[in-house]
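Q: Got a structure for you, questions after.
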Amino acid sequence: MIKKKEEMEIEERERMREGEGIIKIIHFFKKEDFKANVRLCAKLIIQPSCSIGLHQHIDEDEVFIILKGKGILFDGKKENIVGEGDAILTGKGEAHSVKNIGEENLEIIAFIAKY
C-alpha cells in the first residue's frame, strides 16, 4: 500500500496527555490499515515549548525516532536530552513524556504496537 502525502490524515491535539500546546499528528497509516495490532504510525510535530505529558504504555511498545529538533524525554526515572537520529523504545508498562526545548519544531516518527 502506498499512501501519498496529500492522502494522510492530519490531526491536532491540544494539551496531549496533559502536556502543553498543540501537537500536530500526521497519520502515515491508520490502525485499520494494518493486519498486525498497531495503534499508531505517524509523524508528531511538537512546536517550541510544547510537550506531550507523562503517560504509560501498558500492553504496548512505542518507538520514537527523532527526525529533527531537540527535546527532553523523561523516561519515568530521569530526563534525557534527545535529538536528530536518536531512537527511543518505551513499553512493558514504562512511562514517558517529551518536551521541545529547541527553537525549531521537534519532529518525531511514532509507532505503537500492542501485545
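Letters A, B, ... mark the chains of the C-alpha cells in the order given; residue numbers begin at 1 per chain; ligand numbers begin at 1, in order shown.
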From a DSSP pass on the backbone, collect the residues of segment 3-51 of chain A flagged as strand (DSSP E) and hand them back as a PyMOL selection string.
A: chain A and resi 9-14+22-29+38-46+51
Q: Which residues come within 9 Å of Arg39 of chain A, counting only C-alpha atoms, excluding same-chain residues fewer than 6 positions away, as an NGL selection string?
A: :A and (30-32 or 60 or 111-114)
Q: Any chance you could export the current selection's N, CA, C and O atoms as a PDB file, in the first residue's frame?
A:
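Generated output (out-v9.pdb):
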```pdb
ATOM      1  N   LYS A  30      -3.460   4.413   9.345  1.00  0.00           N
ATOM      2  CA  LYS A  30      -4.352   4.257  10.480  1.00  0.00           C
ATOM      3  C   LYS A  30      -4.307   2.800  10.939  1.00  0.00           C
ATOM      4  O   LYS A  30      -3.910   1.909  10.182  1.00  0.00           O
ATOM      5  N   LYS A  31      -4.773   2.531  12.164  1.00  0.00           N
ATOM      6  CA  LYS A  31      -4.691   1.167  12.698  1.00  0.00           C
ATOM      7  C   LYS A  31      -5.446   0.160  11.840  1.00  0.00           C
ATOM      8  O   LYS A  31      -5.033  -0.983  11.715  1.00  0.00           O
ATOM      9  N   GLU A  32      -6.532   0.592  11.192  1.00  0.00           N
ATOM     10  CA  GLU A  32      -7.294  -0.336  10.351  1.00  0.00           C
ATOM     11  C   GLU A  32      -6.573  -0.695   9.047  1.00  0.00           C
ATOM     12  O   GLU A  32      -6.963  -1.628   8.350  1.00  0.00           O
ATOM     13  N   GLU A  60       1.784  -2.489  25.381  1.00  0.00           N
ATOM     14  CA  GLU A  60       2.187  -1.994  24.066  1.00  0.00           C
ATOM     15  C   GLU A  60       3.608  -1.428  24.138  1.00  0.00           C
ATOM     16  O   GLU A  60       4.107  -1.127  25.220  1.00  0.00           O
ATOM     17  N   PHE A 111       5.564   5.034  16.439  1.00  0.00           N
ATOM     18  CA  PHE A 111       4.951   3.762  16.036  1.00  0.00           C
ATOM     19  C   PHE A 111       4.608   3.007  17.315  1.00  0.00           C
ATOM     20  O   PHE A 111       5.473   2.778  18.149  1.00  0.00           O
ATOM     21  N   ILE A 112       3.321   2.645  17.464  1.00  0.00           N
ATOM     22  CA  ILE A 112       2.890   1.895  18.651  1.00  0.00           C
ATOM     23  C   ILE A 112       2.324   0.555  18.226  1.00  0.00           C
ATOM     24  O   ILE A 112       1.381   0.491  17.418  1.00  0.00           O
ATOM     25  N   ALA A 113       2.913  -0.518  18.774  1.00  0.00           N
ATOM     26  CA  ALA A 113       2.440  -1.878  18.543  1.00  0.00           C
ATOM     27  C   ALA A 113       1.903  -2.429  19.860  1.00  0.00           C
ATOM     28  O   ALA A 113       2.525  -2.270  20.913  1.00  0.00           O
ATOM     29  N   LYS A 114       0.726  -3.056  19.812  1.00  0.00           N
ATOM     30  CA  LYS A 114       0.114  -3.636  21.010  1.00  0.00           C
ATOM     31  C   LYS A 114       0.476  -5.113  21.119  1.00  0.00           C
ATOM     32  O   LYS A 114       0.696  -5.775  20.134  1.00  0.00           O
TER      33      LYS A 114
END
```
Q: Rounded to one decimal, what separation in Å do you get between atom CA of Lys99 of chain A and atom CA of Lys77 of chain A?
A: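 We find that atom CA of Lys99 of chain A and atom CA of Lys77 of chain A lie 15.4 Å from each other.
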Q: Give me the residues near Gly53 of chain A as JSON, numbers by chain, where near means some atom within 8 Å (using only C-alpha atoms) and where sequence neighbours in that chain fewer than 5 positions away do not count.
A: {"A": [15, 16, 17, 18, 19, 20, 96, 97, 98]}
Q: Please identify all polymer residues within 6 Å of Ile45 of chain A, counting only C-alpha atoms, omitting same-chain residues fewer than 3 positions from it, and present them as JSON, numbers by chain.
A: {"A": [23, 24, 106, 107]}
Q: Could you please take those selected residues and save C-alpha atoms as a PDB file, in the first residue's frame?
A:
```
ATOM      1  CA  ILE A  23       0.669  18.634  18.832  1.00  0.00           C
ATOM      2  CA  LYS A  24       0.238  18.038  15.100  1.00  0.00           C
ATOM      3  CA  LEU A 106      10.630  18.754  17.154  1.00  0.00           C
ATOM      4  CA  GLU A 107       9.635  16.128  14.567  1.00  0.00           C
TER       5      GLU A 107
END
```
Q: Could you give me the residues within chain A that DSSP places in helix (DSSP H, G or I), as a VMD selection string?
A: chain A and resid 5 to 7 16 to 18 31 to 33
Q: Which value, in Å to one decimal, gives the distance between atom CA of Glu84 of chain A and atom CA of Leu67 of chain A?
A: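 A separation of 5.0 Å between them.
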Q: I'd like to know which of A:Pro48, A:Gly102, A:Gly85, A:Gly69 is closest to Ile22 of chain A, using only C-alpha atoms.
A: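 Closest candidate: A:Pro48.
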Q: Can you tell me how far atom CA of Leu73 of chain A sits from atom CA of Ala36 of chain A, in Å to one decimal?
A: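 Atom-to-atom, atom CA of Leu73 of chain A to atom CA of Ala36 of chain A, that is 27.6 Å.
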Q: Just the residues within 6 Å of Ala42 of chain A, please, counting only C-alpha atoms, with nothing from its chain fewer than 2 positions along; format it as a VMD selection string.
A: chain A and resid 26 to 28 109 to 110
Q: Using only all heavy atoms, please write the residues we just selected to a file, as a CSV table (one decimal), in the first residue's frame.
A:
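Heads up, here's the output in result-v1.csv:
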```
chain,number,residue,atom,x,y,z
A,26,ILE,N,0.5,13.7,11.9
A,26,ILE,CA,0.3,13.3,10.5
A,26,ILE,C,0.3,11.8,10.5
A,26,ILE,O,1.3,11.1,10.7
A,26,ILE,CB,1.4,13.9,9.6
A,26,ILE,CG1,1.4,15.4,9.7
A,26,ILE,CG2,1.2,13.4,8.2
A,26,ILE,CD1,2.6,16.1,9.1
A,27,HIS,N,-0.9,11.2,10.2
A,27,HIS,CA,-1.0,9.7,10.3
A,27,HIS,C,-0.6,9.2,8.9
A,27,HIS,O,-1.2,9.4,7.9
A,27,HIS,CB,-2.5,9.4,10.5
A,27,HIS,CG,-3.0,9.7,11.9
A,27,HIS,ND1,-2.8,8.9,13.0
A,27,HIS,CD2,-3.7,10.8,12.3
A,27,HIS,CE1,-3.3,9.5,14.0
A,27,HIS,NE2,-3.9,10.7,13.6
A,28,PHE,N,0.6,8.4,8.9
A,28,PHE,CA,1.0,7.7,7.7
A,28,PHE,C,0.0,6.7,7.4
A,28,PHE,O,-0.5,6.6,6.2
A,28,PHE,CB,2.4,7.1,7.9
A,28,PHE,CG,3.5,8.1,8.2
A,28,PHE,CD1,4.3,7.9,9.3
A,28,PHE,CD2,3.7,9.2,7.4
A,28,PHE,CE1,5.3,8.8,9.6
A,28,PHE,CE2,4.7,10.1,7.7
A,28,PHE,CZ,5.5,9.9,8.8
A,109,ILE,N,9.0,10.4,14.4
A,109,ILE,CA,8.2,9.3,13.9
A,109,ILE,C,7.8,8.5,15.1
A,109,ILE,O,8.6,8.2,16.0
A,109,ILE,CB,9.0,8.4,12.9
A,109,ILE,CG1,9.5,9.2,11.7
A,109,ILE,CG2,8.2,7.2,12.6
A,109,ILE,CD1,8.4,9.6,10.7
A,110,ALA,N,6.5,8.2,15.2
A,110,ALA,CA,6.0,7.4,16.4
A,110,ALA,C,5.2,6.2,15.8
A,110,ALA,O,4.4,6.3,14.9
A,110,ALA,CB,5.0,8.3,17.2
```
Q: Name the residues in contact with Lys70 of chain A at a cut-off of 6 Å, using only C-alpha atoms, excluding same-chain residues fewer than 5 positions from it; report them as a PyMOL selection string.
A: chain A and resi 82-83+101-102
Q: When distances are computed from only C-alpha atoms, which of A:Glu103, A:Asp33, A:Glu62, A:Glu11 shows the smallest separation from Ala87 of chain A?
A: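 Looking at the shortest contact to Ala87 of chain A, the residue is A:Glu62.
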